[in-house]
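Have a look at work-v5.cif; it's mmCIF, C-alpha atoms and all ligand atoms:
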```cif
data_work
#
loop_
_atom_site.label_atom_id
_atom_site.label_comp_id
_atom_site.auth_asym_id
_atom_site.auth_seq_id
_atom_site.Cartn_x
_atom_site.Cartn_y
_atom_site.Cartn_z
CA MET A 1 26.91 -67.60 -116.28
CA ALA A 2 27.24 -70.54 -118.59
CA ASP A 3 30.90 -70.59 -117.73
CA VAL A 4 30.20 -71.00 -114.07
CA GLU A 5 27.95 -73.95 -114.76
CA ALA A 6 30.55 -75.55 -116.96
CA ALA A 7 33.10 -75.20 -114.21
CA ASP A 8 30.76 -76.90 -111.78
CA ALA A 9 30.14 -79.76 -114.14
CA SER A 10 33.84 -80.43 -114.31
CA HIS A 11 33.80 -81.44 -110.66
CA GLU A 12 32.36 -84.77 -111.52
CA PRO A 13 34.90 -87.50 -110.90
CA GLN A 14 37.24 -87.81 -113.85
CA SER A 15 39.00 -90.84 -112.53
CA ARG A 16 39.07 -93.89 -114.77
CA HIS A 17 38.10 -97.24 -113.40
CA VAL A 18 40.49 -99.93 -114.57
CA VAL A 19 39.67 -103.62 -114.43
CA TYR A 20 42.23 -105.71 -112.58
CA CYS A 21 42.58 -109.45 -112.83
CA GLY A 22 40.86 -111.26 -109.99
CA VAL A 23 43.62 -113.86 -109.94
CA CYS A 24 46.96 -112.10 -110.34
CA THR A 25 45.75 -108.49 -109.65
CA LEU A 26 47.41 -106.99 -112.76
CA PRO A 27 45.54 -105.34 -115.63
CA PRO A 28 44.42 -108.44 -117.59
CA GLU A 29 46.53 -107.53 -120.60
CA TYR A 30 49.58 -108.28 -118.42
CA CYS A 31 48.37 -111.68 -117.16
CA GLU A 32 50.48 -113.36 -119.82
CA PHE A 33 53.62 -112.41 -117.89
CA GLY A 34 52.61 -114.07 -114.65
CA GLY A 35 52.62 -117.72 -113.75
CA THR A 36 48.85 -118.14 -113.49
CA VAL A 37 47.83 -117.47 -117.10
CA LYS A 38 45.37 -120.35 -117.31
CA LYS A 39 43.50 -119.31 -114.19
CA CYS A 40 43.61 -115.66 -115.23
CA GLN A 41 42.05 -116.53 -118.57
CA GLU A 42 39.27 -118.48 -116.94
CA TRP A 43 38.58 -115.62 -114.59
CA LEU A 44 38.46 -113.05 -117.38
CA LYS A 45 36.24 -115.20 -119.58
CA LYS A 46 33.78 -115.45 -116.75
CA ASN A 47 33.96 -111.85 -115.56
CA ASN A 48 34.61 -109.74 -118.64
CA SER A 49 34.00 -111.51 -121.90
CA THR A 50 34.55 -108.40 -124.02
CA MET A 51 38.01 -107.94 -122.69
CA TYR A 52 38.63 -111.66 -122.95
CA GLU A 53 37.88 -111.50 -126.64
CA ARG A 54 40.14 -108.51 -127.11
CA LEU A 55 43.07 -110.11 -125.34
CA TRP A 56 42.85 -113.81 -126.00
CA SER A 57 41.13 -114.24 -129.35
CA GLU A 58 43.34 -115.81 -132.03
CA ASP A 59 43.63 -112.55 -133.90
CA ALA A 60 44.79 -110.72 -130.83
CA LEU A 61 47.38 -113.35 -130.03
CA ALA A 62 48.69 -113.39 -133.57
CA ALA A 63 49.03 -109.62 -133.62
CA ALA A 64 50.84 -109.63 -130.31
CA THR A 65 53.45 -112.20 -131.22
CA SER A 66 54.10 -111.05 -134.77
CA SER A 67 56.07 -108.09 -133.50
CA LEU A 68 58.61 -110.30 -131.75
CA SER A 69 61.44 -112.09 -133.48
CA LEU A 70 61.18 -115.88 -133.53
CA ASP A 71 64.06 -116.14 -131.14
CA ALA A 72 62.52 -113.75 -128.67
CA GLN A 73 59.22 -115.60 -128.99
CA LYS A 74 60.89 -118.86 -128.04
CA ARG A 75 62.63 -117.29 -125.11
CA ALA A 76 59.41 -115.69 -123.92
CA GLU A 77 57.59 -118.99 -124.22
CA LYS A 78 60.25 -120.82 -122.30
CA ASP A 79 60.18 -118.14 -119.67
CA ALA A 80 56.41 -118.28 -119.36
CA HIS A 81 56.56 -122.06 -119.12
CA LYS A 82 59.14 -121.90 -116.35
CA LYS A 83 57.06 -119.38 -114.47
CA ALA A 84 53.94 -121.51 -114.77
CA LEU A 85 55.80 -124.55 -113.45
CA LYS A 86 57.16 -122.54 -110.58
CA ALA A 87 53.71 -121.22 -109.70
CA GLU A 88 52.25 -124.72 -109.86
CA ALA A 89 54.96 -126.10 -107.62
CA ALA A 90 54.42 -123.28 -105.15
CA GLU A 91 50.70 -123.97 -105.15
CA ALA A 92 51.18 -127.69 -104.58
CA LYS A 93 53.57 -126.96 -101.75
CA GLN A 94 51.10 -124.56 -100.21
CA ALA A 95 48.35 -127.17 -100.43
CA ALA A 96 50.59 -129.76 -98.81
CA THR A 97 51.49 -127.36 -96.00
CA ILE A 98 47.84 -126.65 -95.39
CA ALA A 99 46.91 -130.33 -95.32
CA SER A 100 49.58 -131.16 -92.79
CA SER A 101 49.30 -128.09 -90.58
CA LYS A 102 47.24 -127.60 -87.52
CA VAL A 103 45.99 -124.58 -85.70
CA ILE A 104 46.17 -125.28 -82.01
CA ILE A 105 43.80 -123.41 -79.73
CA LYS A 106 44.86 -124.05 -76.19
CA ARG A 107 43.10 -123.22 -72.95
CA VAL A 108 45.71 -122.38 -70.37
CA GLU A 109 45.01 -121.98 -66.69
CA ARG A 110 47.01 -119.09 -65.40
CA ASN A 111 45.82 -118.89 -61.83
CA LYS A 112 42.91 -120.62 -60.27
CA ARG A 113 39.95 -119.95 -62.53
CA LYS A 114 41.92 -117.49 -64.59
CA PHE A 115 42.36 -118.57 -68.12
CA VAL A 116 44.05 -117.40 -71.23
CA THR A 117 43.65 -118.93 -74.65
CA THR A 118 46.61 -119.31 -76.96
CA VAL A 119 46.57 -119.84 -80.71
CA THR A 120 49.46 -121.20 -82.74
CA GLY A 121 49.99 -122.39 -86.29
CA LEU A 122 48.12 -119.71 -88.23
CA GLU A 123 51.13 -118.71 -90.32
CA ASN A 124 51.01 -122.01 -92.18
CA PHE A 125 47.67 -120.93 -93.57
CA GLY A 126 49.03 -117.65 -94.80
CA LEU A 127 47.50 -115.68 -91.94
CA GLU A 128 49.24 -112.98 -90.01
CA ASN A 129 49.29 -113.42 -86.26
CA LYS A 130 49.32 -109.71 -85.63
CA LYS A 131 46.24 -109.09 -87.71
CA VAL A 132 44.32 -112.03 -86.36
CA ALA A 133 45.15 -110.96 -82.80
CA LYS A 134 43.70 -107.56 -83.55
CA ASP A 135 40.56 -109.16 -84.96
CA LEU A 136 40.20 -111.39 -81.93
CA GLY A 137 40.69 -108.51 -79.53
CA LYS A 138 37.94 -106.59 -81.28
CA LYS A 139 35.61 -109.53 -81.63
CA PHE A 140 35.78 -110.59 -77.99
CA ALA A 141 36.45 -107.17 -76.52
CA THR A 142 39.42 -108.51 -74.66
CA GLY A 143 43.18 -108.30 -74.60
CA ALA A 144 44.89 -110.15 -77.43
CA SER A 145 48.58 -109.99 -78.16
CA VAL A 146 51.27 -111.77 -80.11
CA THR A 147 54.22 -113.15 -78.18
CA LYS A 148 57.29 -115.11 -79.15
CA VAL A 149 57.49 -118.66 -77.88
CA PRO A 150 60.77 -120.27 -76.81
CA SER A 151 60.66 -122.74 -79.69
CA GLY A 152 61.04 -119.83 -82.09
CA GLY A 153 57.55 -119.23 -83.41
CA GLU A 154 54.79 -116.92 -82.27
CA GLU A 155 51.56 -117.42 -80.47
CA ILE A 156 48.51 -115.29 -79.95
CA VAL A 157 47.48 -114.91 -76.33
CA VAL A 158 43.86 -113.97 -75.70
CA GLN A 159 42.62 -113.14 -72.22
CA GLY A 160 39.86 -115.36 -70.97
CA ASP A 161 38.58 -118.79 -71.87
CA VAL A 162 37.30 -118.31 -75.38
CA SER A 163 38.70 -121.35 -77.17
CA GLU A 164 35.40 -122.56 -78.57
CA GLU A 165 34.38 -119.10 -79.65
CA ILE A 166 37.71 -118.69 -81.40
CA GLU A 167 37.24 -121.95 -83.25
CA GLU A 168 33.83 -120.84 -84.45
CA PHE A 169 35.20 -117.48 -85.47
CA PHE A 170 38.01 -119.10 -87.47
CA LEU A 171 35.66 -121.48 -89.25
CA GLU A 172 33.48 -118.60 -90.25
CA LYS A 173 36.14 -116.10 -91.16
CA PHE A 174 39.02 -118.19 -92.53
CA PRO A 175 37.66 -120.89 -94.83
CA VAL A 176 41.28 -121.60 -95.73
CA ILE A 177 41.56 -123.57 -92.47
CA PRO A 178 39.74 -126.91 -92.74
CA GLU A 179 37.75 -127.80 -89.65
CA ASP A 180 39.77 -130.95 -89.11
CA ASN A 181 42.92 -128.93 -88.89
CA ILE A 182 41.84 -127.03 -85.83
CA GLU A 183 42.64 -128.66 -82.55
CA LEU A 184 41.37 -127.60 -79.16
CA VAL A 185 43.57 -128.56 -76.26
CA GLU A 186 43.66 -127.86 -72.58
CA ASP A 187 46.67 -127.10 -70.49
CA LYS A 188 46.02 -127.49 -66.80
CA LYS A 189 48.65 -126.51 -64.35
CA LYS A 190 47.90 -128.89 -61.55
CA LYS A 191 46.38 -132.15 -62.46
CA GLY A 192 43.92 -133.67 -60.08
CA SER A 193 42.94 -130.56 -58.21
CA GLY A 194 39.20 -130.83 -58.01
CA ALA A 195 39.05 -133.61 -60.57
CA GLY A 196 37.40 -135.89 -58.07
CA GLY A 197 33.97 -134.22 -58.47
CA MET B 1 63.05 -100.96 -105.67
CA PHE B 2 60.11 -102.97 -104.33
CA LYS B 3 61.15 -106.42 -105.46
CA LYS B 4 60.37 -107.92 -102.10
CA ASP B 5 57.01 -108.12 -100.42
CA ILE B 6 56.30 -105.21 -98.13
CA SER B 7 54.46 -105.67 -94.90
CA PRO B 8 52.28 -102.69 -94.15
CA GLY B 9 53.77 -100.16 -91.75
CA SER B 10 51.79 -98.01 -89.38
CA LYS B 11 49.86 -95.15 -90.87
CA SER B 12 50.06 -91.64 -89.52
CA LYS B 13 47.95 -88.64 -90.30
CA VAL B 14 49.60 -85.95 -92.37
CA LYS B 15 49.35 -82.46 -90.87
CA SER B 16 47.09 -80.19 -92.84
CA SER B 17 49.95 -77.79 -93.61
CA VAL B 18 51.99 -80.67 -94.99
CA GLN B 19 48.99 -81.92 -96.92
CA ARG B 20 48.72 -78.51 -98.56
CA ALA B 21 52.43 -78.52 -99.35
CA ILE B 22 52.15 -81.92 -100.97
CA ARG B 23 49.26 -80.76 -103.13
CA THR B 24 51.34 -77.81 -104.29
CA GLN B 25 54.35 -79.98 -104.95
CA LEU B 26 52.28 -82.43 -106.98
CA VAL B 27 50.88 -79.74 -109.21
CA GLN B 28 54.36 -78.34 -109.73
CA THR B 29 55.78 -81.70 -110.68
CA TYR B 30 52.78 -82.80 -112.72
CA PRO B 31 51.03 -79.68 -114.06
CA LEU B 32 48.41 -81.77 -115.86
CA LEU B 33 47.20 -83.04 -112.49
CA ALA B 34 46.05 -79.53 -111.53
CA PRO B 35 42.44 -79.99 -112.69
CA HIS B 36 42.21 -83.27 -110.77
CA ILE B 37 44.02 -82.49 -107.57
CA ASP B 38 40.79 -81.92 -105.62
CA GLU B 39 39.58 -85.31 -106.69
CA ILE B 40 42.86 -87.04 -105.85
CA ILE B 41 43.43 -85.33 -102.51
CA PRO B 42 40.15 -83.72 -101.47
CA LYS B 43 40.72 -80.77 -99.13
CA LYS B 44 38.47 -82.21 -96.50
CA GLU B 45 39.89 -85.70 -96.46
CA GLN B 46 42.74 -86.87 -94.34
CA LEU B 47 45.91 -87.79 -96.16
CA ASP B 48 47.82 -90.59 -94.46
CA ALA B 49 51.49 -91.46 -94.66
CA MET B 50 52.83 -94.97 -94.31
CA LYS B 51 56.51 -95.68 -93.76
CA ILE B 52 57.68 -98.62 -95.82
CA PRO B 53 61.17 -100.08 -96.25
CA GLU B 54 64.02 -98.37 -98.15
CA ARG B 55 63.15 -95.02 -96.58
CA VAL B 56 60.06 -94.70 -98.68
CA THR B 57 56.88 -92.98 -97.60
CA LEU B 58 53.62 -94.00 -99.20
CA TYR B 59 50.79 -91.47 -99.19
CA LEU B 60 47.23 -92.67 -99.21
CA ILE B 61 43.67 -91.62 -98.59
CA GLY B 62 41.72 -94.34 -96.87
CA LEU B 63 42.81 -97.53 -98.56
CA THR B 64 43.74 -95.86 -101.82
CA PRO B 65 47.46 -95.55 -102.46
CA LEU B 66 48.37 -92.33 -104.25
CA PHE B 67 52.04 -91.45 -104.25
CA TYR B 68 55.32 -92.68 -102.88
CA GLN B 69 58.49 -90.84 -102.17
CA HIS B 70 62.01 -92.04 -101.53
CA MET B 71 63.53 -89.69 -98.92
CA THR B 72 63.16 -86.26 -100.51
CA ASP B 73 63.12 -87.34 -104.16
CA ALA B 74 60.24 -86.41 -106.43
CA LEU B 75 56.80 -87.73 -105.50
CA LEU B 76 56.06 -90.67 -107.79
CA PRO B 77 52.54 -91.88 -108.57
CA HIS B 78 51.43 -95.34 -107.51
CA LEU B 79 50.53 -97.28 -110.67
CA LYS B 80 46.89 -97.44 -109.60
CA LEU B 81 46.82 -93.65 -109.68
CA VAL B 82 48.50 -93.64 -113.09
CA HIS B 83 45.75 -95.93 -114.31
CA ARG B 84 43.11 -93.57 -112.93
CA PHE B 85 44.64 -90.45 -114.47
CA PRO B 86 46.77 -91.83 -117.27
CA THR B 87 47.27 -88.72 -119.33
CA CYS B 88 48.63 -86.57 -116.53
CA PHE B 89 52.14 -87.99 -116.45
CA PRO B 90 55.01 -87.92 -118.92
CA SER B 91 55.48 -91.33 -120.48
CA LEU B 92 57.83 -93.47 -122.51
CA ARG B 93 57.21 -96.77 -124.18
CA ILE B 94 59.20 -99.97 -124.06
CA ASP B 95 59.09 -102.65 -126.72
CA ARG B 96 57.26 -105.89 -126.12
CA GLY B 97 60.41 -107.86 -125.51
CA ALA B 98 61.37 -105.64 -122.56
CA ILE B 99 58.09 -106.06 -120.69
CA ARG B 100 58.92 -109.31 -118.96
CA PHE B 101 62.26 -107.95 -117.77
CA VAL B 102 60.70 -104.82 -116.34
CA LEU B 103 58.00 -106.90 -114.64
CA SER B 104 60.63 -109.05 -112.99
CA GLY B 105 62.26 -105.99 -111.47
CA ALA B 106 65.14 -105.48 -113.89
CA THR B 107 66.39 -101.95 -114.51
CA LEU B 108 65.03 -100.58 -117.76
CA MET B 109 67.85 -100.40 -120.30
CA ALA B 110 68.11 -98.11 -123.32
CA PRO B 111 67.67 -100.74 -126.08
CA GLY B 112 64.15 -101.49 -124.88
CA LEU B 113 63.27 -97.86 -125.67
CA THR B 114 65.29 -97.18 -128.81
CA SER B 115 64.07 -100.25 -130.73
CA THR B 116 61.14 -100.09 -133.17
CA GLY B 117 58.59 -101.05 -130.54
CA GLY B 118 59.87 -98.48 -128.07
CA ARG B 119 59.18 -94.76 -127.96
CA LEU B 120 61.02 -91.76 -126.63
CA PRO B 121 60.09 -88.11 -127.01
CA THR B 122 61.51 -86.75 -130.25
CA GLY B 123 62.07 -83.28 -128.88
CA ALA B 124 60.20 -81.82 -131.85
CA ASP B 125 57.56 -79.29 -130.87
CA THR B 126 55.04 -80.83 -133.25
CA GLU B 127 55.00 -83.96 -131.17
CA LYS B 128 52.09 -84.84 -128.98
CA GLY B 129 52.46 -86.64 -125.72
CA GLY B 130 50.28 -89.59 -124.99
CA TYR B 131 49.60 -92.66 -122.97
CA GLY B 132 49.04 -96.27 -123.85
CA GLU B 133 49.65 -97.58 -127.25
CA LEU B 134 46.65 -99.17 -128.85
CA GLY B 135 44.78 -97.08 -131.34
CA GLY B 136 41.04 -96.65 -131.19
CA LYS B 137 38.98 -95.02 -128.55
CA GLY B 138 39.70 -97.34 -125.71
CA GLU B 139 37.09 -98.80 -123.48
CA GLU B 140 35.88 -95.52 -122.03
CA GLY B 141 35.60 -93.96 -125.41
CA LYS B 142 38.00 -91.08 -125.15
CA LEU B 143 41.31 -91.79 -123.56
CA TYR B 144 43.18 -93.34 -126.38
CA TRP B 145 44.28 -91.50 -129.42
CA ASP B 146 42.53 -92.62 -132.59
CA GLY B 147 45.16 -91.07 -134.81
CA GLU B 148 43.09 -87.99 -135.57
CA GLY B 149 42.54 -84.71 -133.86
CA GLU B 150 43.81 -83.85 -130.45
CA ARG B 151 45.31 -86.49 -128.30
CA GLU B 152 44.57 -86.15 -124.65
CA GLY B 153 47.62 -85.18 -122.64
CA GLU B 154 48.92 -83.43 -125.70
CA GLY B 155 51.91 -81.20 -125.41
CA TRP B 156 53.01 -82.59 -122.13
CA TYR B 157 56.44 -83.52 -123.24
CA GLY B 158 55.89 -82.58 -126.83
CA GLY B 159 58.59 -80.17 -127.80
CA ARG B 160 61.10 -81.23 -125.22
CA GLU B 161 63.28 -84.06 -124.11
CA LEU B 162 62.93 -85.29 -120.55
CA GLU B 163 65.87 -84.62 -118.26
CA LYS B 164 67.79 -86.91 -115.98
CA GLY B 165 66.04 -87.16 -112.60
CA GLU B 166 62.55 -86.49 -113.95
CA PRO B 167 59.74 -88.87 -113.06
CA VAL B 168 58.37 -90.92 -115.89
CA VAL B 169 55.62 -93.44 -116.56
CA VAL B 170 56.53 -96.52 -118.58
CA CYS B 171 53.99 -97.74 -121.13
CA ALA B 172 54.46 -100.87 -123.21
CA GLU B 173 54.12 -101.83 -126.84
CA GLY B 174 50.69 -103.32 -127.50
CA LYS B 175 49.33 -102.53 -124.03
CA LEU B 176 46.83 -99.89 -122.95
CA GLU B 177 47.97 -99.51 -119.38
CA ALA B 178 51.30 -98.41 -117.97
CA CYS B 179 53.47 -101.09 -116.40
CA ALA B 180 56.01 -99.11 -114.40
CA VAL B 181 57.04 -95.71 -113.06
CA GLY B 182 60.41 -94.43 -111.98
CA LEU B 183 63.01 -91.70 -112.21
CA LEU B 184 65.10 -91.17 -115.31
CA SER B 185 68.72 -92.00 -114.61
CA MET B 186 69.56 -90.71 -118.07
CA GLY B 187 67.99 -87.91 -120.09
CA THR B 188 65.95 -89.05 -123.10
CA LYS B 189 68.29 -87.26 -125.49
CA GLU B 190 71.32 -89.01 -124.09
CA CYS B 191 69.45 -92.29 -124.18
CA LYS B 192 68.92 -91.96 -127.93
CA GLU B 193 72.53 -90.92 -128.52
CA LYS B 194 74.13 -93.64 -126.43
CA GLY B 195 71.64 -96.40 -127.07
CA LYS B 196 72.78 -98.33 -124.02
CA GLY B 197 72.85 -98.20 -120.26
CA PRO B 198 70.18 -97.97 -117.54
CA VAL B 199 67.44 -95.42 -118.16
CA VAL B 200 64.80 -95.77 -115.46
CA GLU B 201 65.66 -96.68 -111.89
CA GLU B 202 64.09 -96.80 -108.44
CA GLY B 203 61.08 -98.11 -110.20
CA HIS B 204 57.71 -99.41 -109.14
CA TYR B 205 56.23 -102.00 -111.48
CA LEU B 206 53.08 -104.09 -111.83
CA GLY B 207 53.10 -106.96 -109.36
CA ASP B 208 55.94 -105.69 -107.18
CA GLY B 209 55.84 -105.35 -103.40
CA LEU B 210 54.29 -101.89 -103.54
CA TRP B 211 51.61 -103.08 -105.95
CA ARG B 212 50.74 -106.01 -103.72
CA LEU B 213 50.95 -104.07 -100.46
CA VAL B 214 47.74 -104.41 -98.49
CA THR B 215 46.91 -100.93 -97.28
CA GLU B 216 44.08 -101.66 -94.88
ZN ZN C 1 45.81 -112.33 -114.16
#
```
Can you give me the file's structure in the form of structure tokens?
Ligand SMILES: [Zn+2]
Amino acid sequence: MADVEAADASHEPQSRHVVYCGVCTLPPEYCEFGGTVKKCQEWLKKNNSTMYERLWSEDALAAATSSLSLDAQKRAEKDAHKKALKAEAAEAKQAATIASSKVIIKRVERNKRKFVTTVTGLENFGLENKKVAKDLGKKFATGASVTKVPSGGEEIVVQGDVSEEIEEFFLEKFPVIPEDNIELVEDKKKKGSGAGG
Amino acid sequence: MFKKDISPGSKSKVKSSVQRAIRTQLVQTYPLLAPHIDEIIPKKEQLDAMKIPERVTLYLIGLTPLFYQHMTDALLPHLKLVHRFPTCFPSLRIDRGAIRFVLSGATLMAPGLTSTGGRLPTGADTEKGGYGELGGKGEEGKLYWDGEGEREGEGWYGGRELEKGEPVVVCAEGKLEACAVGLLSMGTKECKEKGKGPVVEEGHYLGDGLWRLVTE
């Protein structure tokens, strides 16, 4: 009988839960090999001080490097430095791209009183057109697809006139896009028709 | 083999007969997984397969990646699964100097294993297998060998060398968690005798495309 109970008890989850770095996603003990060490350290200090102590205290660092030859240490340092520079440069470039990029939400008149809304420029903010299209389709319960444009890029085409709603949705869901970088435009087929009113 | 970023492919449901076959295959390849197989792939949950580049299939449950397989090679554990069940897989250890090469996608070469900081099975039947390298009890209190008594995962490769083609988990000097998995392109005995050449290939390592793959 006792055996049966023991067997039952063993059905509790045995899986370990491992902490991963909130910045570079690796187990924190491997952060030193990425290019974002500084940020990783800050994150760990804030989120898991015990582990921070274990990994980054002076004793821990001394123990870790003592096993490497001086030469190897230098090479590793140089390598880490290079990586950090690279990561910084990439980050700066990303920031510059974001600052200078625009998401264009365009209302397009297809037929009289039939509209579609197109969205371009999301890729510069690290967003995937396909995914966003899916989100939009769900959100507005309408057709949303990604099509290639002649100029080479892609655009999302959403059925209906939902440009303002899309802007709101983006502001809420993608804080990576600054409000000033979203532009709403209109594309009317025939100018003047009914503009007299 | 996942140096580049992978964009998620479409997921398909695995037929229940195939799901059963995979469970069997896993337990055959990794006998120490047997007690945990119901937790890893619960009978009632749907296993999904995702096709990713290089003719690799990734198996997952929900958003949790479990195993990947290149064509019909052995099923290899995703590193997140290794971290969950660390003592269920045969492991080697590389020295500290080799870590950054492995993490940049380089093939693991013999010197990184035969040096003082590295570790290969001795082939002696007194040897105990193990995972991770720091002494002490580890953060959960039981997974890491404290140098006394039984070491969890004991006997897994104790008493034998690993053969060419076998799956292996790569631990690292001074680190608790594994940093890579792959297939041995050279048996561990040969590796010690030759002392040079590639040892683990087709690998998956921390931070590679498979690691970063968004599975939602
Ligand atoms: Zn990190």
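With all atoms listed in the file taken into account, the protein and nucleic acid residues at most 6 Å from segment 38-53 of chain A (excluding it and anything under 3 positions from it in its own chain) are A:Val23, A:Trp56, A:Ser57.
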Store the residues picked out above, limited to C-alpha atoms, as a PDB file, in the coordinates of the input.
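Writing the result to part-v9.pdb gives the following:
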```pdb
ATOM      1  CA  VAL A  23      43.620-113.860-109.940  1.00  0.00           C
ATOM      2  CA  TRP A  56      42.850-113.810-126.000  1.00  0.00           C
ATOM      3  CA  SER A  57      41.130-114.240-129.350  1.00  0.00           C
TER       4      SER A  57
END
```
- Near-ligand residues for ligand ZN 1 (chain C), threshold 9 Å, all atoms listed in the file, as a ChimeraX atom specification: /A:20-41,43-44
- Considering all atoms listed in the file, return as an NGL selection string whatever protein or nucleic-acid residues lie within 6 Å of segment 144-158 of chain A, sequence-local ones (same chain, fewer than 3 positions apart) excluded. :A and (116-120 or 133 or 137)
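One distance worth recording is that between atom CA of Lys189 of chain B and atom CA of His83 of chain B, which is 26.6 Å.
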- Could you name the residues that touch segment 113-127 of chain B at 6 Å or less, counting all atoms listed in the file, but leaving out those on the same chain fewer than 2 positions away, as a ChimeraX atom specification? /B:92-95,110-111,158-161,173
Please dump the current selection as an mmCIF file, keeping the file's coordinate frame; keep C-alpha atoms.
```
data_model
loop_
_atom_site.group_PDB
_atom_site.id
_atom_site.type_symbol
_atom_site.label_atom_id
_atom_site.label_comp_id
_atom_site.auth_asym_id
_atom_site.auth_seq_id
_atom_site.Cartn_x
_atom_site.Cartn_y
_atom_site.Cartn_z
ATOM 1 C CA LEU B 92 57.830 -93.470 -122.510
ATOM 2 C CA ARG B 93 57.210 -96.770 -124.180
ATOM 3 C CA ILE B 94 59.200 -99.970 -124.060
ATOM 4 C CA ASP B 95 59.090 -102.650 -126.720
ATOM 5 C CA ALA B 110 68.110 -98.110 -123.320
ATOM 6 C CA PRO B 111 67.670 -100.740 -126.080
ATOM 7 C CA GLY B 158 55.890 -82.580 -126.830
ATOM 8 C CA GLY B 159 58.590 -80.170 -127.800
ATOM 9 C CA ARG B 160 61.100 -81.230 -125.220
ATOM 10 C CA GLU B 161 63.280 -84.060 -124.110
ATOM 11 C CA GLU B 173 54.120 -101.830 -126.840
#
```
- Message: I need the chain B residues near chain A as a PyMOL selection string; criterion: at most 10 Å, counting all atoms listed in the file.
- Response: chain B and resi 35-36+38-40+80-86+95-97+99-101+103-104+116-117+139-140+143+173-179+206-207+211-212
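Rounded to one decimal, atom CA of Lys3 of chain B and atom CA of Val132 of chain A lie 26.1 Å from each other.
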- Message: Which residues are close to His70 of chain B, i.e. within 12 Å by all atoms listed in the file, leaving aside same-chain residues fewer than 4 positions away? Reply as JSON, numbers by chain.
- Response: {"B": [1, 2, 51, 52, 53, 54, 55, 56, 57, 58, 59, 74, 75, 76, 77, 182, 183, 201, 202, 203, 204]}
